[in-house]
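Participant: Following this message is one structure expressed as structure tokens.
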Amino acid sequence: MDVEVAVEKQPNPRNVTDTVRKFFVRVEDGQKNLLREEAIELEVLHPVNFKFHAEKPDTYMVTVLDSLKVPVANRPIEIRDINIEFQDTARNMETLRQWAAVSDGLAIKVEDCRDAEDLVNQIRTKIDQVRKGRQMRRPVA
């Protein structure tokens, strides 16, 4: 998974004439392995995007260092495991049918709907069945 981080230098009210622009951004995984380090130039209130690739669920530490490589700021980023329930959904017709049934939808294999007209007719049939099953509410007066 690619992760994008916006790095921005905030104004320093104590030092208005701060001209330091060169910084380093480094990313480490939970085992302190260096994944990426890049030199960037930061201007006050001008964010710079920084990307890194997260191979697996873990807590990654993004650290901004000054030109002398002294840490200025850091932020942990937690990447959690993907939802296993949704991972299999795209390949399992029974699961797709269950999800579709929750919202009165329809799940059909692409192989079963070569003709778009048949698919549209099936959808219309399903809509008509739902409409016939509902009671009509009308005001008395």
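Ordered as shown in the structure tokens, chains take letters A, B, and onward, while each chain numbers its residues from 1 and ligands are numbered from 1 in the order shown.
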Please list as number ranges by chain every residue within 10 Å of Gly105 (chain A), counting only C-alpha atoms and excluding residues in the same chain fewer than 5 positions away.
Facilitator: A: 96-100, 123, 126-127
Participant: Keeping only all heavy atoms, write the selected residues to a file as a PDB file, in the first residue's frame.
Facilitator:
```
ATOM      1  N   LEU A  96     -21.426 -12.224  -2.470  1.00  0.00           N
ATOM      2  CA  LEU A  96     -21.980 -11.088  -3.220  1.00  0.00           C
ATOM      3  C   LEU A  96     -23.504 -11.102  -3.207  1.00  0.00           C
ATOM      4  O   LEU A  96     -24.137 -10.055  -3.073  1.00  0.00           O
ATOM      5  CB  LEU A  96     -21.468 -11.105  -4.655  1.00  0.00           C
ATOM      6  CG  LEU A  96     -20.011 -10.684  -4.847  1.00  0.00           C
ATOM      7  CD1 LEU A  96     -19.573 -10.943  -6.282  1.00  0.00           C
ATOM      8  CD2 LEU A  96     -19.823  -9.225  -4.493  1.00  0.00           C
ATOM      9  N   ARG A  97     -24.085 -12.278  -3.338  1.00  0.00           N
ATOM     10  CA  ARG A  97     -25.557 -12.374  -3.297  1.00  0.00           C
ATOM     11  C   ARG A  97     -26.098 -11.963  -1.931  1.00  0.00           C
ATOM     12  O   ARG A  97     -27.143 -11.316  -1.836  1.00  0.00           O
ATOM     13  CB  ARG A  97     -25.987 -13.785  -3.655  1.00  0.00           C
ATOM     14  CG  ARG A  97     -25.871 -14.086  -5.121  1.00  0.00           C
ATOM     15  CD  ARG A  97     -26.526 -15.415  -5.502  1.00  0.00           C
ATOM     16  NE  ARG A  97     -26.341 -15.663  -6.911  1.00  0.00           N
ATOM     17  CZ  ARG A  97     -25.418 -16.480  -7.426  1.00  0.00           C
ATOM     18  NH1 ARG A  97     -24.617 -17.165  -6.643  1.00  0.00           N
ATOM     19  NH2 ARG A  97     -25.309 -16.631  -8.733  1.00  0.00           N
ATOM     20  N   GLN A  98     -25.388 -12.345  -0.871  1.00  0.00           N
ATOM     21  CA  GLN A  98     -25.827 -11.962   0.471  1.00  0.00           C
ATOM     22  C   GLN A  98     -25.758 -10.447   0.653  1.00  0.00           C
ATOM     23  O   GLN A  98     -26.681  -9.843   1.196  1.00  0.00           O
ATOM     24  CB  GLN A  98     -24.970 -12.664   1.526  1.00  0.00           C
ATOM     25  CG  GLN A  98     -25.232 -14.146   1.624  1.00  0.00           C
ATOM     26  CD  GLN A  98     -24.277 -14.842   2.577  1.00  0.00           C
ATOM     27  OE1 GLN A  98     -23.503 -14.210   3.283  1.00  0.00           O
ATOM     28  NE2 GLN A  98     -24.323 -16.175   2.581  1.00  0.00           N
ATOM     29  N   TRP A  99     -24.657  -9.840   0.205  1.00  0.00           N
ATOM     30  CA  TRP A  99     -24.531  -8.384   0.301  1.00  0.00           C
ATOM     31  C   TRP A  99     -25.605  -7.696  -0.536  1.00  0.00           C
ATOM     32  O   TRP A  99     -26.179  -6.692  -0.120  1.00  0.00           O
ATOM     33  CB  TRP A  99     -23.146  -7.929  -0.161  1.00  0.00           C
ATOM     34  CG  TRP A  99     -22.087  -8.109   0.871  1.00  0.00           C
ATOM     35  CD1 TRP A  99     -21.160  -9.105   0.923  1.00  0.00           C
ATOM     36  CD2 TRP A  99     -21.843  -7.293   2.006  1.00  0.00           C
ATOM     37  NE1 TRP A  99     -20.356  -8.950   2.010  1.00  0.00           N
ATOM     38  CE2 TRP A  99     -20.749  -7.838   2.704  1.00  0.00           C
ATOM     39  CE3 TRP A  99     -22.433  -6.139   2.517  1.00  0.00           C
ATOM     40  CZ2 TRP A  99     -20.244  -7.280   3.864  1.00  0.00           C
ATOM     41  CZ3 TRP A  99     -21.927  -5.584   3.668  1.00  0.00           C
ATOM     42  CH2 TRP A  99     -20.857  -6.149   4.331  1.00  0.00           C
ATOM     43  N   ALA A 100     -25.872  -8.218  -1.716  1.00  0.00           N
ATOM     44  CA  ALA A 100     -26.885  -7.617  -2.578  1.00  0.00           C
ATOM     45  C   ALA A 100     -28.276  -7.743  -1.958  1.00  0.00           C
ATOM     46  O   ALA A 100     -29.094  -6.830  -2.057  1.00  0.00           O
ATOM     47  CB  ALA A 100     -26.852  -8.272  -3.954  1.00  0.00           C
ATOM     48  N   ILE A 123     -33.372  -6.999 -13.756  1.00  0.00           N
ATOM     49  CA  ILE A 123     -33.401  -5.928 -12.753  1.00  0.00           C
ATOM     50  C   ILE A 123     -34.800  -5.353 -12.633  1.00  0.00           C
ATOM     51  O   ILE A 123     -35.306  -5.124 -11.526  1.00  0.00           O
ATOM     52  CB  ILE A 123     -32.368  -4.831 -13.106  1.00  0.00           C
ATOM     53  CG1 ILE A 123     -30.958  -5.389 -12.981  1.00  0.00           C
ATOM     54  CG2 ILE A 123     -32.551  -3.596 -12.221  1.00  0.00           C
ATOM     55  CD1 ILE A 123     -29.877  -4.485 -13.523  1.00  0.00           C
ATOM     56  N   LYS A 126     -37.005  -7.702 -10.700  1.00  0.00           N
ATOM     57  CA  LYS A 126     -36.711  -7.624  -9.272  1.00  0.00           C
ATOM     58  C   LYS A 126     -37.360  -6.378  -8.657  1.00  0.00           C
ATOM     59  O   LYS A 126     -37.956  -6.436  -7.577  1.00  0.00           O
ATOM     60  CB  LYS A 126     -35.188  -7.597  -9.066  1.00  0.00           C
ATOM     61  CG  LYS A 126     -34.735  -7.470  -7.654  1.00  0.00           C
ATOM     62  CD  LYS A 126     -34.979  -8.725  -6.868  1.00  0.00           C
ATOM     63  CE  LYS A 126     -34.350  -8.580  -5.487  1.00  0.00           C
ATOM     64  NZ  LYS A 126     -34.681  -9.679  -4.627  1.00  0.00           N
ATOM     65  N   ILE A 127     -37.290  -5.250  -9.350  1.00  0.00           N
ATOM     66  CA  ILE A 127     -37.897  -4.005  -8.859  1.00  0.00           C
ATOM     67  C   ILE A 127     -39.413  -4.163  -8.764  1.00  0.00           C
ATOM     68  O   ILE A 127     -40.036  -3.755  -7.781  1.00  0.00           O
ATOM     69  CB  ILE A 127     -37.526  -2.823  -9.785  1.00  0.00           C
ATOM     70  CG1 ILE A 127     -36.040  -2.497  -9.638  1.00  0.00           C
ATOM     71  CG2 ILE A 127     -38.370  -1.587  -9.463  1.00  0.00           C
ATOM     72  CD1 ILE A 127     -35.528  -1.510 -10.666  1.00  0.00           C
TER      73      ILE A 127
END
```
Participant: Pick out each residue of chain A that DSSP on the backbone tags as strand (DSSP E or B); I need them as a VMD selection string.
Facilitator: chain A and resid 2 to 7 9 22 to 28 34 to 41 43 to 44 46 48 to 53 58 to 65 71 to 79
Participant: Just to be explicit: take each residue in the selection above, keep C-alpha atoms, and write the result as a compact mmCIF listing (two decimals), in the first residue's frame.
Facilitator:
```txt
# COMPACT_ATOMS: atom_id res chain seq x y z
CA ASP A 2 1.34 3.42 -0.91
CA VAL A 3 1.09 6.02 1.84
CA GLU A 4 1.27 9.75 1.15
CA VAL A 5 2.25 12.19 3.89
CA ALA A 6 2.06 15.98 3.67
CA VAL A 7 4.97 17.70 5.42
CA LYS A 9 6.83 23.87 8.03
CA LYS A 22 16.63 21.92 3.80
CA PHE A 23 15.16 19.01 5.74
CA PHE A 24 15.19 15.24 5.58
CA VAL A 25 12.18 12.96 5.90
CA ARG A 26 12.77 9.37 6.92
CA VAL A 27 10.40 6.45 7.38
CA GLU A 28 11.07 3.42 9.57
CA LEU A 34 14.84 2.35 7.28
CA LEU A 35 12.34 2.24 4.40
CA ARG A 36 13.00 5.62 2.83
CA GLU A 37 14.91 8.81 3.42
CA GLU A 38 14.63 11.85 1.22
CA ALA A 39 15.95 15.41 1.29
CA ILE A 40 13.22 18.02 0.85
CA GLU A 41 13.01 21.80 0.85
CA GLU A 43 8.98 26.80 2.99
CA VAL A 44 6.68 28.12 5.69
CA HIS A 46 3.84 25.29 1.80
CA VAL A 48 5.32 19.02 0.39
CA ASN A 49 4.01 15.52 -0.31
CA PHE A 50 6.16 12.53 0.57
CA LYS A 51 5.27 8.94 -0.39
CA PHE A 52 6.43 5.58 0.90
CA HIS A 53 5.36 2.00 0.39
CA ASP A 58 2.64 -2.21 11.02
CA THR A 59 3.32 1.07 12.79
CA TYR A 60 5.56 3.27 10.67
CA MET A 61 7.43 6.24 12.09
CA VAL A 62 7.82 9.32 9.88
CA THR A 63 10.53 11.63 11.18
CA VAL A 64 11.49 15.09 9.91
CA LEU A 65 15.14 15.98 10.50
CA PRO A 71 14.92 15.24 14.70
CA VAL A 72 12.49 18.15 14.48
CA ALA A 73 9.19 16.26 14.46
CA ASN A 74 7.89 12.72 14.17
CA ARG A 75 4.56 11.03 13.70
CA PRO A 76 3.59 7.36 13.97
CA ILE A 77 1.34 6.03 11.21
CA GLU A 78 -0.50 2.79 11.88
CA ILE A 79 -1.41 0.64 8.89
```
Participant: Using only C-alpha atoms, which of the listed residues (A:Ala107, A:Leu68, A:Val102, A:Met1) sits closest to Lys56 (chain A)?
Facilitator: A:Met1
Participant: Take CA of Ile108 (chain A) and CA of Glu94 (chain A) and report the distance between them in Å, one decimal.
Facilitator: 10.3 Å
Participant: Write down as a count of residues only the residues of region 27-126 of chain A whose backbone DSSP state falls under alpha helix (DSSP H).
Facilitator: 25
Participant: For region 10-13 of chain A, please output as a list in words all residues within 8 Å (counting only C-alpha atoms; exclusion window: fewer than 3 positions along the same chain).
Facilitator: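 Those residues are Val16, Asp18, Val44 and Leu45 of chain A.
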Participant: Save the residues we just selected, N, CA and C atoms, as a tab-separated table (two decimals), in the first residue's frame?
Facilitator:
```
chain	number	residue	atom	x	y	z
A	16	VAL	N	11.33	35.01	13.06
A	16	VAL	CA	10.61	35.38	11.84
A	16	VAL	C	11.51	35.29	10.61
A	18	ASP	N	13.72	33.06	9.87
A	18	ASP	CA	14.24	31.70	9.68
A	18	ASP	C	14.32	31.38	8.19
A	44	VAL	N	7.75	27.95	4.71
A	44	VAL	CA	6.68	28.12	5.69
A	44	VAL	C	5.32	28.08	5.00
A	45	LEU	N	4.44	27.23	5.55
A	45	LEU	CA	3.05	27.06	5.10
A	45	LEU	C	2.91	26.59	3.65
```
Participant: Rounded to one decimal place, report the CA of Ser103 (chain A)-CA of Glu117 (chain A) distance in Å.
Facilitator: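 One can read the CA of Ser103 (chain A) to CA of Glu117 (chain A) distance as 22.5 Å.
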